[in-house]
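Novice: Pasting data15.txt here (compact mmCIF, C-alpha atoms):
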# COMPACT_ATOMS: atom_id res chain seq x y z
CA MET Q 1 -68.39 14.45 41.14
CA ASP Q 2 -70.05 17.74 40.17
CA LEU Q 3 -68.60 20.20 42.67
CA THR Q 4 -71.20 22.96 42.13
CA GLY Q 5 -72.68 23.97 45.48
CA LYS Q 6 -70.73 21.26 47.36
CA LYS Q 7 -69.29 22.15 50.77
CA VAL Q 8 -65.62 21.16 50.64
CA LEU Q 9 -63.21 21.22 53.55
CA VAL Q 10 -59.67 22.17 52.51
CA PHE Q 11 -57.33 20.83 55.20
CA GLY Q 12 -54.20 23.03 55.28
CA SER Q 13 -53.77 26.79 54.78
CA GLY Q 14 -50.44 26.88 52.90
CA LYS Q 15 -49.84 27.37 49.17
CA SER Q 16 -51.50 24.05 48.27
CA GLY Q 17 -54.52 24.72 50.49
CA THR Q 18 -55.21 28.25 49.26
CA GLY Q 19 -54.66 27.07 45.65
CA ALA Q 20 -57.23 24.31 46.15
CA ALA Q 21 -59.73 26.72 47.75
CA ASP Q 22 -59.29 29.15 44.86
CA LEU Q 23 -59.94 26.39 42.32
CA LEU Q 24 -63.00 25.17 44.23
CA GLY Q 25 -64.42 28.70 44.24
CA GLN Q 26 -63.97 28.93 40.47
CA VAL Q 27 -65.90 25.69 39.82
CA GLY Q 28 -68.82 26.78 42.03
CA ALA Q 29 -68.04 24.83 45.21
CA CYS Q 30 -68.17 26.32 48.73
CA PRO Q 31 -64.69 25.85 50.25
CA VAL Q 32 -64.02 25.92 54.00
CA ILE Q 33 -60.38 26.08 55.14
CA TYR Q 34 -59.16 24.29 58.25
CA ASP Q 35 -55.70 24.33 59.81
CA GLY Q 36 -54.68 22.44 62.94
CA ASN Q 37 -52.47 25.35 64.04
CA PRO Q 38 -54.57 27.66 66.27
CA GLU Q 39 -52.07 30.50 65.74
CA ILE Q 40 -52.57 31.00 61.98
CA ASP Q 41 -53.60 34.45 60.73
CA LYS Q 42 -57.09 33.76 59.34
CA GLU Q 43 -57.37 37.11 57.57
CA ALA Q 44 -54.05 36.59 55.77
CA VAL Q 45 -55.30 33.18 54.57
CA VAL Q 46 -58.55 34.69 53.21
CA HIS Q 47 -56.58 37.41 51.36
CA LYS Q 48 -54.69 34.75 49.40
CA ILE Q 49 -57.93 33.42 47.88
CA SER Q 50 -59.27 35.52 45.03
CA HIS Q 51 -62.10 33.43 43.58
CA ALA Q 52 -64.04 32.10 46.57
CA LYS Q 53 -66.30 34.53 48.39
CA ASN Q 54 -67.00 34.46 52.14
CA VAL Q 55 -64.53 31.64 52.80
CA GLU Q 56 -64.76 30.36 56.37
CA VAL Q 57 -61.42 29.62 58.06
CA TYR Q 58 -61.17 27.42 61.16
CA ALA Q 59 -57.99 26.97 63.20
CA GLY Q 60 -57.18 24.51 65.98
CA GLU Q 61 -60.64 22.99 66.47
CA LEU Q 62 -63.12 22.08 63.73
CA PRO Q 63 -66.73 22.49 64.96
CA GLU Q 64 -68.89 19.35 64.86
CA GLU Q 65 -71.65 21.09 62.86
CA VAL Q 66 -69.11 22.00 60.13
CA ARG Q 67 -67.82 18.45 59.99
CA LYS Q 68 -71.37 17.07 59.58
CA SER Q 69 -72.19 19.51 56.75
CA LEU Q 70 -69.31 18.49 54.44
CA ASP Q 71 -69.55 16.79 51.02
CA LEU Q 72 -65.83 16.35 50.34
CA VAL Q 73 -62.42 16.82 52.01
CA VAL Q 74 -59.30 17.97 50.14
CA LEU Q 75 -56.01 17.34 52.03
CA SER Q 76 -52.86 19.39 51.50
CA PRO Q 77 -49.79 17.14 50.93
CA GLY Q 78 -48.33 17.96 54.36
CA VAL Q 79 -51.36 16.53 56.23
CA PRO Q 80 -50.83 12.87 57.28
CA THR Q 81 -53.70 10.56 56.36
CA ASP Q 82 -53.49 8.77 59.70
CA LEU Q 83 -54.43 11.82 61.82
CA PRO Q 84 -57.47 11.06 64.01
CA LEU Q 85 -59.44 13.89 62.34
CA VAL Q 86 -58.68 12.55 58.84
CA ARG Q 87 -59.61 9.03 59.98
CA SER Q 88 -62.93 10.42 61.23
CA PHE Q 89 -63.65 11.81 57.72
CA TYR Q 90 -63.12 8.34 56.24
CA GLY Q 91 -65.32 6.91 59.00
CA GLN Q 92 -68.02 9.43 58.08
CA GLY Q 93 -67.94 8.06 54.51
CA LEU Q 94 -66.65 11.32 53.03
CA PRO Q 95 -64.53 11.21 49.88
CA VAL Q 96 -61.01 12.39 50.82
CA TRP Q 97 -58.91 13.73 47.92
CA GLY Q 98 -55.50 15.32 47.70
CA GLU Q 99 -54.87 18.46 45.67
CA VAL Q 100 -53.51 16.30 42.81
CA GLU Q 101 -56.82 14.42 42.57
CA LEU Q 102 -58.77 17.70 42.66
CA ALA Q 103 -56.61 19.22 39.91
CA TYR Q 104 -56.80 16.05 37.78
CA ARG Q 105 -60.62 15.95 38.04
CA THR Q 106 -60.95 19.61 37.00
CA GLY Q 107 -58.10 19.75 34.46
CA LYS Q 108 -57.99 18.52 30.86
CA GLY Q 109 -55.52 16.95 28.42
CA ARG Q 110 -52.79 14.35 28.83
CA VAL Q 111 -50.74 13.83 32.00
CA LEU Q 112 -47.12 12.64 32.33
CA ALA Q 113 -46.24 12.00 35.99
CA ILE Q 114 -42.93 11.43 37.75
CA THR Q 115 -42.20 10.15 41.24
CA GLY Q 116 -39.21 8.61 43.03
CA THR Q 117 -37.10 9.41 46.07
CA ASN Q 118 -34.45 11.38 44.14
CA GLY Q 119 -34.11 13.04 40.75
CA LYS Q 120 -37.80 14.01 40.41
CA THR Q 121 -37.24 17.75 40.00
CA THR Q 122 -34.46 17.49 37.39
CA THR Q 123 -36.40 14.87 35.41
CA THR Q 124 -39.64 16.89 35.60
CA ALA Q 125 -37.92 20.11 34.52
CA LEU Q 126 -36.17 18.30 31.65
CA LEU Q 127 -39.35 16.55 30.48
CA GLY Q 128 -41.16 19.89 30.80
CA LYS Q 129 -38.63 21.46 28.42
CA ILE Q 130 -38.86 18.57 25.93
CA MET Q 131 -42.66 18.77 25.88
CA SER Q 132 -42.74 22.60 25.76
CA ASP Q 133 -40.38 22.55 22.76
CA ALA Q 134 -42.67 20.06 20.99
CA GLU Q 135 -46.21 21.04 22.06
CA ASP Q 136 -48.23 24.30 22.17
CA SER Q 137 -49.85 23.95 25.61
CA VAL Q 138 -47.68 22.47 28.38
CA PHE Q 139 -47.94 22.85 32.17
CA VAL Q 140 -45.13 21.82 34.54
CA VAL Q 141 -46.69 21.43 37.98
CA GLY Q 142 -46.72 19.63 41.32
CA ASN Q 143 -43.94 19.17 43.81
CA ILE Q 144 -41.63 21.20 41.52
CA GLY Q 145 -43.14 24.42 42.95
CA THR Q 146 -46.28 25.33 40.95
CA PRO Q 147 -49.42 23.85 42.54
CA TYR Q 148 -51.28 21.63 40.07
CA THR Q 149 -54.55 23.25 41.22
CA SER Q 150 -53.32 26.72 40.19
CA LYS Q 151 -53.14 25.67 36.51
CA ALA Q 152 -55.94 23.09 36.16
CA LEU Q 153 -58.58 25.47 34.78
CA GLU Q 154 -56.19 26.82 32.12
CA MET Q 155 -55.79 23.35 30.59
CA LYS Q 156 -57.35 22.38 27.25
CA GLU Q 157 -58.01 18.98 25.69
CA THR Q 158 -54.77 19.41 23.72
CA SER Q 159 -52.68 20.33 26.81
CA VAL Q 160 -49.90 18.21 28.26
CA THR Q 161 -49.32 18.32 32.02
CA VAL Q 162 -45.90 17.26 33.31
CA ALA Q 163 -46.33 16.61 37.05
CA GLU Q 164 -43.79 15.92 39.79
CA ILE Q 165 -45.69 13.85 42.34
CA SER Q 166 -44.49 13.15 45.89
CA SER Q 167 -45.40 10.16 48.05
CA PHE Q 168 -47.51 12.54 50.19
CA GLN Q 169 -49.55 13.44 47.08
CA LEU Q 170 -49.91 9.83 45.88
CA GLU Q 171 -51.52 8.79 49.19
CA THR Q 172 -54.70 10.66 48.28
CA ILE Q 173 -55.27 9.91 44.58
CA ASP Q 174 -58.47 8.20 43.45
CA ARG Q 175 -58.88 8.41 39.64
CA PHE Q 176 -55.59 10.14 38.78
CA ALA Q 177 -54.27 8.34 35.66
CA PRO Q 178 -51.14 9.48 33.81
CA GLU Q 179 -50.62 8.41 30.20
CA VAL Q 180 -46.92 7.86 30.96
CA SER Q 181 -45.61 7.51 34.52
CA ALA Q 182 -42.12 7.06 35.95
CA ILE Q 183 -40.71 5.85 39.27
CA LEU Q 184 -37.04 6.84 39.22
CA ASN Q 185 -35.84 5.03 42.36
CA ILE Q 186 -36.97 4.15 45.88
CA THR Q 187 -34.62 4.65 48.82
CA GLU Q 188 -35.27 5.30 52.50
CA ASP Q 189 -37.07 8.63 53.04
CA HIS Q 190 -40.07 10.13 54.87
CA LEU Q 191 -40.28 7.23 57.33
CA ASN Q 192 -41.49 9.72 59.95
CA ARG Q 193 -44.63 10.01 57.75
CA HIS Q 194 -45.01 6.52 56.23
CA HIS Q 195 -43.55 4.64 59.25
CA THR Q 196 -42.26 1.60 57.31
CA MET Q 197 -40.31 1.11 54.10
CA GLU Q 198 -43.03 -1.27 52.88
CA GLU Q 199 -45.66 1.46 53.20
CA TYR Q 200 -43.43 4.04 51.49
CA ILE Q 201 -42.90 1.64 48.55
CA ARG Q 202 -46.64 0.86 48.37
CA VAL Q 203 -47.51 4.56 48.18
CA LYS Q 204 -44.90 5.29 45.48
CA GLU Q 205 -46.25 2.42 43.37
CA LEU Q 206 -49.76 3.92 43.49
CA ILE Q 207 -48.74 6.13 40.53
CA ILE Q 208 -49.81 3.29 38.17
CA LYS Q 209 -53.06 2.56 40.07
CA ASN Q 210 -55.35 3.73 37.24
CA GLN Q 211 -53.11 3.26 34.20
CA LYS Q 212 -54.37 1.14 31.28
CA PRO Q 213 -52.57 -1.46 29.08
CA GLU Q 214 -51.97 1.18 26.37
CA ASN Q 215 -50.13 3.42 28.89
CA TYR Q 216 -46.45 3.27 29.88
CA CYS Q 217 -44.49 3.15 33.14
CA VAL Q 218 -40.77 4.00 33.07
CA LEU Q 219 -38.77 2.22 35.82
CA ASN Q 220 -35.16 2.00 37.01
CA TYR Q 221 -33.89 -1.51 36.20
CA GLU Q 222 -31.06 -1.11 38.75
CA ASP Q 223 -33.52 -0.64 41.62
CA GLU Q 224 -34.38 -4.18 42.73
CA VAL Q 225 -37.80 -3.20 44.09
CA LEU Q 226 -38.75 -1.51 40.80
CA ARG Q 227 -37.29 -4.27 38.64
CA GLU Q 228 -39.59 -6.79 40.35
CA PHE Q 229 -42.51 -4.37 40.33
CA GLY Q 230 -42.23 -3.88 36.56
CA ARG Q 231 -42.53 -7.59 35.78
CA ASP Q 232 -46.28 -7.74 36.28
CA ILE Q 233 -48.08 -4.39 35.97
CA VAL Q 234 -50.97 -3.19 33.76
CA PRO Q 235 -49.16 -0.43 31.80
CA GLU Q 236 -46.29 -1.40 29.51
CA THR Q 237 -42.97 -1.36 31.40
CA VAL Q 238 -40.03 0.60 29.98
CA TYR Q 239 -36.81 0.09 31.97
CA PHE Q 240 -33.76 2.35 32.04
CA SER Q 241 -30.25 1.36 33.17
CA SER Q 242 -26.96 3.19 33.61
CA VAL Q 243 -24.90 0.01 34.09
CA ARG Q 244 -26.02 -2.59 31.51
CA LYS Q 245 -27.47 -3.01 28.03
CA LEU Q 246 -31.15 -3.92 28.01
CA GLU Q 247 -33.00 -6.15 25.54
CA LYS Q 248 -35.66 -3.44 25.44
CA GLY Q 249 -35.60 -0.01 27.09
CA ILE Q 250 -33.10 2.83 27.40
CA TYR Q 251 -29.54 2.41 28.64
CA LEU Q 252 -26.04 3.88 28.84
CA ASP Q 253 -23.43 2.18 26.66
CA ASN Q 254 -19.84 3.53 26.61
CA GLY Q 255 -20.90 7.15 27.03
CA VAL Q 256 -23.88 6.90 24.62
CA ILE Q 257 -27.54 6.80 25.67
CA VAL Q 258 -29.36 4.23 23.51
CA LEU Q 259 -33.09 3.57 23.21
CA LYS Q 260 -33.94 0.05 22.10
CA THR Q 261 -37.49 -0.73 21.01
CA GLU Q 262 -38.89 -3.99 19.60
CA LYS Q 263 -38.15 -2.66 16.09
CA GLU Q 264 -34.95 -0.56 16.30
CA GLU Q 265 -31.94 0.62 18.27
CA ILE Q 266 -31.72 4.42 18.40
CA PRO Q 267 -28.54 6.22 19.55
CA VAL Q 268 -30.02 9.19 21.46
CA VAL Q 269 -27.05 11.31 22.58
CA ARG Q 270 -23.45 11.14 23.80
CA THR Q 271 -23.25 12.10 27.47
CA ASP Q 272 -20.46 14.60 26.74
CA GLU Q 273 -22.98 16.55 24.62
CA LEU Q 274 -25.14 17.13 27.74
CA LYS Q 275 -24.76 20.07 30.14
CA LEU Q 276 -25.67 17.81 33.10
CA LEU Q 277 -22.97 16.06 35.16
CA GLY Q 278 -22.93 12.68 36.90
CA GLN Q 279 -24.39 9.23 36.38
CA HIS Q 280 -27.52 10.09 38.42
CA ASN Q 281 -28.25 12.88 35.93
CA PHE Q 282 -27.74 10.52 32.98
CA GLU Q 283 -30.43 8.33 34.59
CA ASN Q 284 -32.73 11.38 34.84
CA VAL Q 285 -32.11 12.09 31.14
CA MET Q 286 -32.92 8.48 30.20
CA ALA Q 287 -36.20 8.59 32.14
CA ALA Q 288 -37.24 11.90 30.55
CA VAL Q 289 -36.27 10.72 27.04
CA ALA Q 290 -38.25 7.48 27.41
CA MET Q 291 -41.32 9.32 28.74
CA ALA Q 292 -41.22 11.87 25.88
CA TYR Q 293 -40.64 9.22 23.22
CA TYR Q 294 -43.59 7.11 24.39
CA ALA Q 295 -45.69 10.29 24.64
CA GLY Q 296 -45.10 10.70 20.91
CA VAL Q 297 -42.33 13.31 20.65
CA PRO Q 298 -39.97 12.82 17.64
CA MET Q 299 -36.42 11.82 18.64
CA ASP Q 300 -34.82 14.76 16.78
CA SER Q 301 -36.86 17.18 18.88
CA ILE Q 302 -36.01 15.28 22.10
CA ARG Q 303 -32.28 15.29 21.24
CA LYS Q 304 -32.22 19.07 20.65
CA SER Q 305 -34.06 19.78 23.95
CA ILE Q 306 -31.87 17.59 26.16
CA CYS Q 307 -28.66 19.09 24.74
CA GLU Q 308 -29.89 22.61 25.55
CA PHE Q 309 -31.03 21.81 29.11
CA THR Q 310 -28.97 23.15 32.04
CA ALA Q 311 -28.91 21.96 35.68
CA VAL Q 312 -31.81 22.67 38.01
CA GLU Q 313 -31.31 25.31 40.70
CA HIS Q 314 -30.28 23.83 44.10
CA ARG Q 315 -29.08 20.53 42.57
CA ILE Q 316 -25.25 20.51 42.47
CA GLU Q 317 -25.58 24.10 41.25
CA TYR Q 318 -22.35 26.03 40.63
CA VAL Q 319 -22.53 29.25 42.71
CA THR Q 320 -19.18 31.04 42.34
CA GLU Q 321 -15.42 30.79 42.86
CA LYS Q 322 -13.76 32.87 45.59
CA ASN Q 323 -10.04 32.82 46.39
CA GLY Q 324 -9.64 29.68 44.28
CA VAL Q 325 -12.42 27.84 46.19
CA VAL Q 326 -15.49 26.70 44.22
CA TYR Q 327 -18.91 26.81 45.95
CA TYR Q 328 -21.77 24.44 45.03
CA ASN Q 329 -25.39 24.55 46.19
CA ASP Q 330 -26.98 21.09 46.52
CA SER Q 331 -29.75 22.10 48.94
CA LYS Q 332 -32.06 19.66 47.10
CA GLY Q 333 -30.00 16.86 48.73
CA THR Q 334 -32.67 16.47 51.43
CA ASN Q 335 -31.94 12.82 52.27
CA PRO Q 336 -28.78 10.69 52.50
CA ASP Q 337 -29.23 9.01 49.11
CA ALA Q 338 -29.59 12.35 47.29
CA ALA Q 339 -26.60 13.74 49.19
CA ILE Q 340 -24.47 10.74 48.11
CA LYS Q 341 -25.00 11.89 44.50
CA GLY Q 342 -23.80 15.37 45.51
CA ILE Q 343 -20.50 14.24 47.04
CA GLN Q 344 -19.89 11.72 44.23
CA ALA Q 345 -20.06 14.57 41.69
CA MET Q 346 -17.19 16.43 43.44
CA ASN Q 347 -13.75 16.04 41.84
CA ARG Q 348 -11.61 17.87 44.44
CA PRO Q 349 -11.16 18.00 48.26
CA THR Q 350 -14.46 19.24 49.69
CA LEU Q 351 -15.72 20.99 52.81
CA LEU Q 352 -19.24 19.63 53.15
CA ILE Q 353 -22.10 21.42 54.97
CA GLY Q 354 -24.70 18.94 56.24
CA GLY Q 355 -27.46 18.52 58.81
CA GLY Q 356 -30.99 19.82 59.31
CA TYR Q 357 -34.38 18.41 60.26
CA ASP Q 358 -34.43 14.81 61.51
CA LYS Q 359 -36.61 12.59 59.28
CA GLY Q 360 -35.42 9.45 61.06
CA SER Q 361 -32.79 8.57 58.45
CA SER Q 362 -29.58 6.62 58.99
CA TYR Q 363 -26.46 8.48 57.82
CA ASP Q 364 -23.88 5.65 57.70
CA GLU Q 365 -24.18 4.98 53.96
CA TRP Q 366 -23.83 8.70 53.18
CA LEU Q 367 -20.79 9.06 55.46
CA ASN Q 368 -19.16 5.95 53.97
CA SER Q 369 -19.58 7.39 50.46
CA PHE Q 370 -17.18 10.29 51.20
CA ASP Q 371 -14.29 8.17 49.90
CA GLY Q 372 -11.62 10.46 51.38
CA LYS Q 373 -12.96 13.53 49.55
CA VAL Q 374 -14.37 15.36 52.60
CA LYS Q 375 -11.78 17.50 54.39
CA TYR Q 376 -14.28 18.77 57.01
CA LEU Q 377 -17.92 17.95 57.65
CA VAL Q 378 -19.52 21.17 58.92
CA LEU Q 379 -22.83 20.42 60.64
CA ILE Q 380 -25.93 22.46 61.49
CA GLY Q 381 -29.52 21.85 62.58
CA GLN Q 382 -31.36 19.26 64.64
CA THR Q 383 -29.26 16.32 63.37
CA LYS Q 384 -25.77 17.80 63.88
CA GLU Q 385 -24.86 15.76 66.97
CA LYS Q 386 -26.43 12.58 65.55
CA ILE Q 387 -24.38 12.89 62.35
CA ARG Q 388 -21.19 13.86 64.23
CA ASP Q 389 -21.53 10.77 66.47
CA ALA Q 390 -21.95 8.53 63.41
CA ALA Q 391 -18.97 10.18 61.66
CA GLU Q 392 -16.78 9.69 64.73
CA ARG Q 393 -17.88 6.06 65.05
CA LEU Q 394 -17.00 5.43 61.38
CA GLY Q 395 -13.86 7.58 61.51
CA VAL Q 396 -14.59 9.25 58.16
CA CYS Q 397 -13.51 12.89 58.68
CA PRO Q 398 -13.26 15.71 61.25
CA CYS Q 399 -16.55 17.41 62.13
CA ILE Q 400 -17.27 21.03 63.08
CA LEU Q 401 -20.60 21.99 64.70
CA CYS Q 402 -22.09 25.42 63.89
CA GLU Q 403 -25.12 27.32 65.12
CA ASP Q 404 -26.53 28.14 61.69
CA LEU Q 405 -25.85 28.17 57.96
CA GLU Q 406 -24.25 31.60 57.96
CA GLU Q 407 -21.66 30.50 60.52
CA ALA Q 408 -21.07 27.27 58.56
CA VAL Q 409 -20.30 29.22 55.36
CA LYS Q 410 -17.83 31.47 57.24
CA VAL Q 411 -16.09 28.46 58.83
CA CYS Q 412 -15.76 26.77 55.42
CA ALA Q 413 -14.36 29.95 53.84
CA GLU Q 414 -11.72 30.19 56.60
CA LYS Q 415 -10.65 26.54 56.34
CA ALA Q 416 -10.83 25.99 52.55
CA GLU Q 417 -7.69 26.33 50.45
CA PRO Q 418 -7.37 27.19 46.74
CA GLY Q 419 -8.29 24.17 44.57
CA GLU Q 420 -10.88 22.89 47.08
CA ALA Q 421 -14.71 23.03 47.03
CA VAL Q 422 -17.41 23.97 49.52
CA LEU Q 423 -20.60 21.96 49.02
CA LEU Q 424 -23.96 22.47 50.73
CA SER Q 425 -25.56 18.99 50.50
CA PRO Q 426 -27.34 18.50 53.84
CA ALA Q 427 -28.75 14.92 53.64
CA CYS Q 428 -31.62 16.33 55.71
CA ALA Q 429 -34.81 18.35 55.22
CA SER Q 430 -34.70 22.12 55.74
CA TRP Q 431 -37.69 22.42 58.11
CA GLY Q 432 -37.08 24.02 61.47
CA GLN Q 433 -34.47 26.45 60.14
CA PHE Q 434 -35.98 27.28 56.74
CA ASP Q 435 -39.38 27.18 55.01
CA ASN Q 436 -38.09 24.80 52.33
CA TYR Q 437 -34.92 23.62 50.58
CA GLU Q 438 -35.18 26.48 48.05
CA GLN Q 439 -34.94 29.09 50.80
CA ARG Q 440 -31.99 27.21 52.33
CA GLY Q 441 -30.20 27.17 48.96
CA ASP Q 442 -30.94 30.84 48.31
CA MET Q 443 -29.59 31.82 51.77
CA PHE Q 444 -26.45 29.75 51.13
CA LYS Q 445 -25.84 31.60 47.85
CA GLU Q 446 -26.43 34.92 49.59
CA TYR Q 447 -23.95 34.13 52.40
CA VAL Q 448 -21.35 32.95 49.85
CA LYS Q 449 -21.71 36.13 47.78
CA LYS Q 450 -21.23 38.24 50.95
CA LEU Q 451 -17.87 36.59 51.76
Just give me the structure as structure tokens.

Specialist:
Amino acid sequence: MDLTGKKVLVFGSGKSGTGAADLLGQVGACPVIYDGNPEIDKEAVVHKISHAKNVEVYAGELPEEVRKSLDLVVLSPGVPTDLPLVRSFYGQGLPVWGEVELAYRTGKGRVLAITGTNGKTTTTALLGKIMSDAEDSVFVVGNIGTPYTSKALEMKETSVTVAEISSFQLETIDRFAPEVSAILNITEDHLNRHHTMEEYIRVKELIIKNQKPENYCVLNYEDEVLREFGRDIVPETVYFSSVRKLEKGIYLDNGVIVLKTEKEEIPVVRTDELKLLGQHNFENVMAAVAMAYYAGVPMDSIRKSICEFTAVEHRIEYVTEKNGVVYYNDSKGTNPDAAIKGIQAMNRPTLLIGGGYDKGSSYDEWLNSFDGKVKYLVLIGQTKEKIRDAAERLGVCPCILCEDLEEAVKVCAEKAEPGEAVLLSPACASWGQFDNYEQRGDMFKEYVKKL
């Protein structure tokens, strides 16, 4: 679609929405911003857009005459596709894209895309480093923090885009087609948005929707859903496994990551040469290595990059040691499965800070994974009573309820003894108390440093 002169409704006024409006202005479209919140500051939204002149902003209600004049709708990732207003756009016959589709249509070059419930950010950052070390023009975008739309017009035919793609973003793709894709794992998450596990799985699997036979999809062999999925898909399947040798793919064998192709068996790296800890991180490394290898990066270059890479901020991130107590920030543990990885990485008695926004998750599996390591579970946020009740039912550890994160940090500091750890790994989203998990992690580090 040629966007010149087209009237495009951008639904959502956050970072994704203003980024999309800016891009639309630069390609000659006429963006209109709409937000369902009647309280938004319209002037502040307009000030964030530098390339689109006379942008109209509507809040609360969208006038009928505006709706009838549209050529295209671009949804921000936070906007559910089953809202009555969004349904009415589909009913009107309007094309409805997400910001990823918009960026893909206006950008250039090759795309490598990663999705999955957990590990996306670490894998994307690692693949971004591998590609940046090997190529001249690389963009690391998407759910990792830099909107895809903010970089699309800087891309050249020789560029490589490494994109972290969420299920919310995959719902609204149309032609988006990565050269190499990866689905790292699928566990229960975002059921308040997708409603059923079947729908969540369907949306995650859309990442291969437009891939061709010469493309690749990297999948976790130990995830039963993905193992089955990979048996009959259009792109070539490349499995990874941390628990068994594979006939073909990439796997962990006695502390060595090995890539096995149809022609050769390549020892990639010993895990003790990596700066990343934990089996889940070795899986992230395997996925990134496979994606880079099948994107044409020489193994020597891949090996050098992965050995230099350090942990991502907010993911089992060492903060400091105070009075013999070590503090770790795992604010990226926004669901029970991710938080299980956080507690499994601990090698000493731990005071664990959990709780936050309720996404409808069950916490039993997380609580049962404590394995006697958790001395106190210190809870905050909307889910604190729900988690405490589950912990008491399972008899896993004593719980302490706090008003906010600052109080939780103080309580942990008072109760922790030398040789123990304090871990923020909430198993819940940050919304309600914080803008995002990054802000939650930053505040945790600030409170710890003030102790």

Novice: Pull the closest atom pair for each residue of stretch 199-236 of chain Q that gets at most 10 Å from stretch 293-305 of chain Q, along with the distance in Å to one decimal, counting all atoms listed in the file, ordering rows by chain and then ascending residue number, as JSON lines.

Specialist:
{"residue": "Q:Asn215", "atom": "CA", "partner": "Q:Tyr294", "partner_atom": "CA", "distance": 8.8}
{"residue": "Q:Tyr216", "atom": "CA", "partner": "Q:Tyr294", "partner_atom": "CA", "distance": 7.3}
{"residue": "Q:Cys217", "atom": "CA", "partner": "Q:Tyr294", "partner_atom": "CA", "distance": 9.6}
{"residue": "Q:Val218", "atom": "CA", "partner": "Q:Tyr294", "partner_atom": "CA", "distance": 9.6}

Novice: Nearest to Q:Glu417 among Q:Lys68, Q:Lys48, Q:Lys322, Q:Lys6, with distances taken over only C-alpha atoms: which residue is it?

Specialist: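 Of Q:Lys68, Q:Lys48, Q:Lys322, Q:Lys6, the one nearest Q:Glu417 is Q:Lys322, counting only C-alpha atoms.
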
Novice: Would you mind listing what lies within 6 Å of stretch 350-357 of chain Q as a PyMOL selection string, with all atoms listed in the file counted and same-chain residues fewer than 6 positions away left out?

Specialist: chain Q and resi 373-384+420-426+428-431

Novice: Can you work out which one of Q:Gly255, Q:Pro63, Q:Pro178, Q:Gly98 has the shortest atom-to-atom distance to Q:Val160, counting all atoms listed in the file?

Specialist: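 Nearest to Q:Val160: Q:Pro178.
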
Novice: Excluding Q:Ile165 and residues on its chain fewer than 6 positions from it, collect all residues at most 12 Å away from it, counting all atoms listed in the file, and give them as a ChimeraX atom specification.

Specialist: /Q:77,98-101,111-121,123-124,140-148,171-173,176,178,181-184,203-207
